[in-house]
Amino acid sequence: MTAPNHRWRKFKNAFMQTLALACAILVVAPLLLVFYHLVVEGFSSINLAFFTQLPKAVGEKGGGMANAIVGTFILIGQAALVGVPIGVLGGIYLSEYGGSKFNWWIRFAADILNGVPSITWGVVVYGLMVIPMHGSSALAGGVVLGLMMIPLVMRTTEEVLQLVPGGYREAALALGISKWRTIVQIVVRTALKGIVTGVLLATARIAGETAPLLFTAFGNLGWAHKLTEPIAAMPLQIFNYAISPYDDWHRQAWAGALVLLLLVLFINIGVRFLTRDRFQQKS
Amino acid sequence: MATANTSDSAALTVRDLSIFFGGNHVLKNVSLDIAARSVTAIIGPSGCGKSTFLRALNRMHELVPEARMTGGIRLFGDDIYARGIEPVVVRRRVGMVFQKSNPFPTMSISENVTVGLRLNGARDKKFLVQRTEQSLRMAALWNEVKDRLHAPAISLSGGQQQRLCIARALAVQPEVLLMDEPASALDPLATSKIEDLVRELKKNYTIVIVTHNMQQAARISDFTAFFYLGEMVEFGPTAKIFTNPAQKRTEDYVTGRFG
């Protein structure tokens with residue numbers, strides 16, 4: 001018997017493998033490109049003043065984005081207060097309770113909400129909060145980002161809870177532990193790293209949102225002293241600076257974008273670090 | 001220690017127990033008395049209802065949403081399905097060990113042992129430490145783990161994990177221990193340790209064990225019930241079931257002609 005000729009098969013294999021590799025590289029390329037560009041354009045404008053000073057008036061050199069950096073953290077904090085409890089509890093409900101029909105609708109709604117354009121969220125909260133409160137506010141900005149977090153956190157929480165083997169639930173219930181305690185102390189605790197990961201990824205996602213903040217947080221060239229005042233945020237400041245006609249503001253916009261990207265990068269690295277678990281049981 | 005085997009010392013009395021999952025009638029009119037401080041083995045081919053029967057004894061079958069039961073089960077005289085009786089209360093008196101060992105991965109060895117007590121409100125440290133040692137000794141695991149009680153539970157071997165699960169079930173001091181094929185995922189050495197343990201535990205506990213392994217049932221049990229297609233075909237002293245069964249189907253099964 002002669003050996004079959006595998007040359008054509010081998011060629012096809014090599015071709016497809018190369019194609020797949022090229023596509024994989026295409027995924028990484030934009031990140032490197034963006035990062036390269038931001039470093040080249042923005043790195044020179046990053047200095048102590050950038051982190052500690054307020055924006056200077058047009059024409060004056062220097063100044064920084066301290067208000068926008070603080071503002072972004074305030075907005076993220078408020079968003080987390082809205083999004084994390086509701087998202088996590090909702091995810092617990094979807095995973096551990098409820099009739100399947102009702103849950104199907106909730107899941108469906110959450111998935112649709114995840115796909116709603118972010119500017120739509122901004123318009124909704126503009127109508128719900130900004131108009132009744134007669135003005136843009138940090139509060140409205142926090143709420144809009146929080147609302148965007150809810151479906152994200154809810155779905156990831158549900159998914160990681162579903163990964164907890166049913167044997168742990170049974171073991172706890174068979175010890176005479178109540179259902180709620182079983183969920184909190186056994187199921188959620190087992191999946192805690194996954195839930196934290198979901199929350200951090202949702203945070204990273206909303207940290208860079210600009211459109212929903214245009215009508216809500218609005219932006220502020222100084223400090224916001226109350227949550228009912230408009231507040232600066234990095235994405236907003238970057239947007240405003242980038243569309244301005246001043247070179248100095250352009251440079252600051254680049255620097256701001258670099259800092260924002262690094263923030264998101266650090267959150268992602270933090271997630272990797274947190275999820276690098278030595279005792280994780282084989283699934 | 002002598003084993004009591006008269007029906008007035010029954011730990012569990014099961015009467016006309018039927019269980020349905022949706023339209024499936026998976027357990028049909030089962031009645032039997034499970035003697036206190038003895039080992040009762042439930043044998044039968046896959047799908048015969050033996051696991052469902054076991055889970056009905058501590059109301060674990062209710063986790064299946066469409067489950068329904070008729071008949072009655074009494075635990076030392078108390079109707080465990082009486083109106084107003086919470087499953088949680090029943091399960092504290094009737095513990096369970098599962099086929100796949102399932103120590104909680106986020107907890108240490110000692111935390112696993114005391115979890116049932118702690119999550120039911122026990123706070124006294126001294127009491128928990130003392131109960132940890134007592135339970136691990138009863139589960140024949142103390143000597144192997146006493147120097148690393150705070151190590152993660154999942155660092156133990158498979159057989160040790162299963163004995164840890166037994167210690168965890170014993171720590172809440174149940175009156176009855178249900179075991180659902182507790183050794184079927186273990187190697188022969190670990191299996192023989194579990195079997196020794198079962199023989200030891202029956203001095204203080206009533207044990208009901210589901211097993212696929214007929215040699216195991218013959219080795220460790222005092223009474224054996226043979227289930228087939230949701231019915232209890234025969235129930236009696238283990239020696240009789242294995243050497244001189246009354247029913248042809250029992251004989252065919254225990255001699256390996258089917259199943």
# chains A, B, ... in the order shown; residues from 1 in each chain; ligands from 1
>>> interface_residues(of="chain B", to="chain A", cutoff="8 Å", atoms="only C-alpha atoms", output="PyMOL selection string")
chain B and resi 58+60+87-92+95-98+100+102-106+116+119-120+152+154+169+172
>>> write_last_selection(atoms="N, CA and C atoms", output="mmCIF file, in the first residue's frame")
data_model
loop_
_atom_site.group_PDB
_atom_site.id
_atom_site.type_symbol
_atom_site.label_atom_id
_atom_site.label_comp_id
_atom_site.auth_asym_id
_atom_site.auth_seq_id
_atom_site.Cartn_x
_atom_site.Cartn_y
_atom_site.Cartn_z
ATOM 1 N N ASN B 58 -34.469 13.076 53.842
ATOM 2 C CA ASN B 58 -34.204 14.384 54.465
ATOM 3 C C ASN B 58 -34.735 15.527 53.600
ATOM 4 N N MET B 60 -34.415 16.273 50.611
ATOM 5 C CA MET B 60 -33.555 16.894 49.595
ATOM 6 C C MET B 60 -34.191 16.795 48.210
ATOM 7 N N PRO B 87 -37.882 22.092 55.931
ATOM 8 C CA PRO B 87 -36.863 21.114 55.519
ATOM 9 C C PRO B 87 -35.528 21.329 56.248
ATOM 10 N N VAL B 88 -35.195 22.588 56.506
ATOM 11 C CA VAL B 88 -33.940 22.915 57.187
ATOM 12 C C VAL B 88 -33.829 22.169 58.519
ATOM 13 N N VAL B 89 -34.952 22.102 59.240
ATOM 14 C CA VAL B 89 -34.960 21.441 60.547
ATOM 15 C C VAL B 89 -34.769 19.930 60.385
ATOM 16 N N VAL B 90 -35.417 19.376 59.367
ATOM 17 C CA VAL B 90 -35.285 17.935 59.108
ATOM 18 C C VAL B 90 -33.834 17.596 58.773
ATOM 19 N N ARG B 91 -33.219 18.459 57.960
ATOM 20 C CA ARG B 91 -31.863 18.157 57.481
ATOM 21 C C ARG B 91 -30.823 18.277 58.580
ATOM 22 N N ARG B 92 -31.132 19.039 59.616
ATOM 23 C CA ARG B 92 -30.189 19.080 60.739
ATOM 24 C C ARG B 92 -30.220 17.761 61.495
ATOM 25 N N GLY B 95 -28.483 13.919 58.300
ATOM 26 C CA GLY B 95 -27.374 14.434 57.505
ATOM 27 C C GLY B 95 -27.172 13.621 56.243
ATOM 28 N N MET B 96 -26.304 14.134 55.364
ATOM 29 C CA MET B 96 -26.128 13.463 54.073
ATOM 30 C C MET B 96 -24.698 13.597 53.569
ATOM 31 N N VAL B 97 -24.220 12.507 52.980
ATOM 32 C CA VAL B 97 -22.901 12.506 52.338
ATOM 33 C C VAL B 97 -23.122 12.082 50.889
ATOM 34 N N PHE B 98 -22.470 12.787 49.976
ATOM 35 C CA PHE B 98 -22.768 12.598 48.560
ATOM 36 C C PHE B 98 -21.716 11.734 47.853
ATOM 37 N N LYS B 100 -19.984 12.453 45.121
ATOM 38 C CA LYS B 100 -18.784 13.218 44.810
ATOM 39 C C LYS B 100 -18.452 14.046 46.038
ATOM 40 N N ASN B 102 -17.480 16.939 48.271
ATOM 41 C CA ASN B 102 -17.683 18.343 47.933
ATOM 42 C C ASN B 102 -17.330 19.270 49.092
ATOM 43 N N PRO B 103 -16.084 19.187 49.595
ATOM 44 C CA PRO B 103 -15.693 20.163 50.610
ATOM 45 C C PRO B 103 -15.695 21.556 49.987
ATOM 46 N N PHE B 104 -16.025 22.570 50.797
ATOM 47 C CA PHE B 104 -16.114 23.919 50.248
ATOM 48 C C PHE B 104 -14.712 24.445 49.942
ATOM 49 N N PRO B 105 -14.478 24.834 48.689
ATOM 50 C CA PRO B 105 -13.111 25.159 48.253
ATOM 51 C C PRO B 105 -12.569 26.446 48.872
ATOM 52 N N THR B 106 -13.465 27.299 49.370
ATOM 53 C CA THR B 106 -12.991 28.566 49.939
ATOM 54 C C THR B 106 -12.616 28.412 51.412
ATOM 55 N N GLY B 116 -21.479 23.877 59.254
ATOM 56 C CA GLY B 116 -22.896 23.688 59.583
ATOM 57 C C GLY B 116 -23.267 24.331 60.905
ATOM 58 N N LEU B 119 -22.800 28.452 60.444
ATOM 59 C CA LEU B 119 -23.846 29.120 59.665
ATOM 60 C C LEU B 119 -25.223 28.926 60.295
ATOM 61 N N ASN B 120 -25.288 28.122 61.358
ATOM 62 C CA ASN B 120 -26.528 28.077 62.118
ATOM 63 C C ASN B 120 -26.388 28.833 63.424
ATOM 64 N N PRO B 152 -6.104 24.525 53.071
ATOM 65 C CA PRO B 152 -7.340 24.437 52.290
ATOM 66 C C PRO B 152 -7.827 22.993 52.184
ATOM 67 N N ILE B 154 -9.336 21.511 49.892
ATOM 68 C CA ILE B 154 -9.153 20.827 48.607
ATOM 69 C C ILE B 154 -7.710 20.385 48.397
ATOM 70 N N ALA B 169 -20.649 16.419 58.078
ATOM 71 C CA ALA B 169 -22.035 16.016 58.339
ATOM 72 C C ALA B 169 -22.219 15.633 59.809
ATOM 73 N N VAL B 172 -22.735 18.471 62.987
ATOM 74 C CA VAL B 172 -24.010 19.025 63.438
ATOM 75 C C VAL B 172 -24.812 17.994 64.241
#
>>> residues_around(residues="Asn204 (chain B)", least_positions_apart="4", cutoff="10 Å", atoms="only C-alpha atoms", output="PyMOL selection string")
chain B and resi 36-38+175-176+200
>>> write_last_selection(atoms="N, CA and C atoms", output="PDB file, in the first residue's frame")
ATOM      1  N   ALA B  36     -32.717   1.686  64.171  1.00  0.00           N
ATOM      2  CA  ALA B  36     -31.746   2.614  64.734  1.00  0.00           C
ATOM      3  C   ALA B  36     -30.417   1.911  64.948  1.00  0.00           C
ATOM      4  N   ARG B  37     -29.343   2.671  64.876  1.00  0.00           N
ATOM      5  CA  ARG B  37     -27.984   2.175  65.115  1.00  0.00           C
ATOM      6  C   ARG B  37     -27.686   0.909  64.316  1.00  0.00           C
ATOM      7  N   SER B  38     -27.978   0.999  63.048  1.00  0.00           N
ATOM      8  CA  SER B  38     -27.663  -0.110  62.147  1.00  0.00           C
ATOM      9  C   SER B  38     -27.365   0.499  60.784  1.00  0.00           C
ATOM     10  N   GLU B 175     -29.121  12.605  63.703  1.00  0.00           N
ATOM     11  CA  GLU B 175     -29.484  11.313  64.271  1.00  0.00           C
ATOM     12  C   GLU B 175     -29.332  10.214  63.232  1.00  0.00           C
ATOM     13  N   VAL B 176     -29.476  10.605  61.981  1.00  0.00           N
ATOM     14  CA  VAL B 176     -29.380   9.639  60.884  1.00  0.00           C
ATOM     15  C   VAL B 176     -28.385  10.195  59.870  1.00  0.00           C
ATOM     16  N   GLU B 200     -17.949   1.564  62.120  1.00  0.00           N
ATOM     17  CA  GLU B 200     -17.680   2.194  63.402  1.00  0.00           C
ATOM     18  C   GLU B 200     -18.817   3.160  63.786  1.00  0.00           C
TER      19      GLU B 200
END
>>> select_by_dssp(residues="region 41-99 of chain A", states="alpha helix (DSSP H)", output="PyMOL selection string")
chain A and resi 41-42+48-52+66-96
>>> write_last_selection(atoms="C-alpha atoms", output="short mmCIF file (atom, residue, chain, number, x, y, z; two decimals), in the first residue's frame")
data_model
loop_
_atom_site.label_atom_id
_atom_site.label_comp_id
_atom_site.auth_asym_id
_atom_site.auth_seq_id
_atom_site.Cartn_x
_atom_site.Cartn_y
_atom_site.Cartn_z
CA GLU A 41 1.64 62.58 21.54
CA GLY A 42 0.72 62.62 25.19
CA LEU A 48 3.08 66.72 38.17
CA ALA A 49 0.99 69.74 37.19
CA PHE A 50 -1.17 67.56 35.00
CA PHE A 51 -2.30 65.60 38.05
CA THR A 52 -2.42 68.45 40.58
CA ALA A 66 -6.80 67.37 38.49
CA ASN A 67 -10.51 68.19 38.57
CA ALA A 68 -11.29 65.76 35.76
CA ILE A 69 -9.26 62.96 37.34
CA VAL A 70 -10.99 63.40 40.69
CA GLY A 71 -14.32 63.84 38.90
CA THR A 72 -13.92 60.54 37.08
CA PHE A 73 -13.26 58.74 40.35
CA ILE A 74 -16.29 60.41 41.99
CA LEU A 75 -18.48 59.40 39.05
CA ILE A 76 -17.15 55.82 39.12
CA GLY A 77 -17.77 55.68 42.88
CA GLN A 78 -21.37 56.82 42.52
CA ALA A 79 -21.91 54.48 39.60
CA ALA A 80 -20.62 51.56 41.67
CA LEU A 81 -23.00 52.48 44.50
CA VAL A 82 -25.90 52.22 42.06
CA GLY A 83 -24.70 49.43 39.79
CA VAL A 84 -22.95 46.94 42.05
CA PRO A 85 -25.65 46.16 44.65
CA ILE A 86 -28.48 46.08 42.13
CA GLY A 87 -26.43 44.15 39.58
CA VAL A 88 -25.10 41.58 42.04
CA LEU A 89 -28.45 40.98 43.75
CA GLY A 90 -30.18 40.76 40.38
CA GLY A 91 -27.57 38.26 39.23
CA ILE A 92 -28.13 36.22 42.39
CA TYR A 93 -31.85 36.19 41.70
CA LEU A 94 -31.36 35.06 38.10
CA SER A 95 -28.97 32.29 39.09
CA GLU A 96 -30.51 31.01 42.32
#
>>> residues_around(residues="Val153 (chain A)", least_positions_apart="3", cutoff="6 Å", atoms="only C-alpha atoms", output="MDAnalysis selection string")
chainID A and resid 87 149:150 156:157 198:199
>>> atom_distance(atom1="CA of Ala253 (chain A)", atom2="CA of Ile231 (chain A)")
17.3 Å
>>> closest_residue(among="B:Arg249, B:Leu141, B:Ala11, B:Ile73", to="Met232 (chain B)", atoms="only C-alpha atoms")
B:Arg249
>>> residues_around(residues="Ser184 (chain B)", least_positions_apart="4", cutoff="8 Å", atoms="only C-alpha atoms", output="list in words")
Gln99, Thr191, Thr211 and His212 of chain B
>>> write_last_selection(atoms="C-alpha atoms", output="PDB file, in the first residue's frame")
ATOM      1  CA  GLN B  99     -21.189  10.494  45.849  1.00  0.00           C
ATOM      2  CA  THR B 191     -13.096   2.683  49.914  1.00  0.00           C
ATOM      3  CA  THR B 211     -24.574   1.593  46.793  1.00  0.00           C
ATOM      4  CA  HIS B 212     -24.025   0.132  43.363  1.00  0.00           C
TER       5      HIS B 212
END
>>> residues_around(residues="Arg163 (chain B)", least_positions_apart="3", cutoff="8 Å", atoms="only C-alpha atoms", output="PyMOL selection string")
chain B and resi 139-141+159-160+166-167+194
>>> atom_distance(atom1="CA of Pro237 (chain B)", atom2="CA of Thr250 (chain B)")
13.2 Å
>>> select_by_dssp(residues="region 14-245 of chain B", states="strand (DSSP E)", output="NGL selection string")
:B and (14-21 or 24-35 or 39-43 or 67-75 or 78-79 or 94-97 or 176-180 or 206-210 or 223-228 or 231-237)
>>> atom_distance(atom1="CA of Phe226 (chain B)", atom2="CA of Asn213 (chain B)")
12.4 Å
>>> residues_around(residues="Ser118 (chain A)", least_positions_apart="3", cutoff="10 Å", atoms="only C-alpha atoms", output="list of chain:residue names")
A:Leu113, A:Asn114, A:Gly115, A:Trp121, A:Gly122, A:Val123, A:Val144, A:Leu145, A:Met148, A:Ile206, A:Glu209, A:Thr210, A:Ala211, A:Pro212, A:Leu213
>>> write_last_selection(atoms="C-alpha atoms", output="mmCIF file, in the first residue's frame")
data_model
loop_
_atom_site.group_PDB
_atom_site.id
_atom_site.type_symbol
_atom_site.label_atom_id
_atom_site.label_comp_id
_atom_site.auth_asym_id
_atom_site.auth_seq_id
_atom_site.Cartn_x
_atom_site.Cartn_y
_atom_site.Cartn_z
ATOM 1 C CA LEU A 113 -29.860 47.079 27.792
ATOM 2 C CA ASN A 114 -26.248 46.030 27.249
ATOM 3 C CA GLY A 115 -26.692 46.887 23.602
ATOM 4 C CA TRP A 121 -28.713 56.411 28.410
ATOM 5 C CA GLY A 122 -27.600 60.025 28.606
ATOM 6 C CA VAL A 123 -30.857 61.274 27.067
ATOM 7 C CA VAL A 144 -26.301 57.233 34.279
ATOM 8 C CA LEU A 145 -23.035 55.312 34.574
ATOM 9 C CA MET A 148 -25.191 51.210 32.511
ATOM 10 C CA ILE A 206 -17.918 52.873 32.035
ATOM 11 C CA GLU A 209 -17.869 56.647 28.606
ATOM 12 C CA THR A 210 -18.264 60.133 27.189
ATOM 13 C CA ALA A 211 -21.594 60.422 25.429
ATOM 14 C CA PRO A 212 -23.891 59.769 28.426
ATOM 15 C CA LEU A 213 -21.970 62.374 30.433
#
>>> residues_around(residues="Phe76 (chain B)", least_positions_apart="4", cutoff="8 Å", atoms="only C-alpha atoms", output="mmCIF file with C-alpha atoms, in the first residue's frame")
data_model
loop_
_atom_site.group_PDB
_atom_site.id
_atom_site.type_symbol
_atom_site.label_atom_id
_atom_site.label_comp_id
_atom_site.auth_asym_id
_atom_site.auth_seq_id
_atom_site.Cartn_x
_atom_site.Cartn_y
_atom_site.Cartn_z
ATOM 1 C CA ALA B 10 -37.028 2.103 64.209
ATOM 2 C CA ALA B 11 -35.259 5.377 63.493
ATOM 3 C CA LEU B 12 -37.261 5.968 60.342
ATOM 4 C CA THR B 13 -40.641 4.564 59.477
#
>>> closest_residue(among="A:Val39, A:Leu263, A:Met154, A:Ala202", to="Ala109 (chain A)", atoms="only C-alpha atoms")
A:Met154
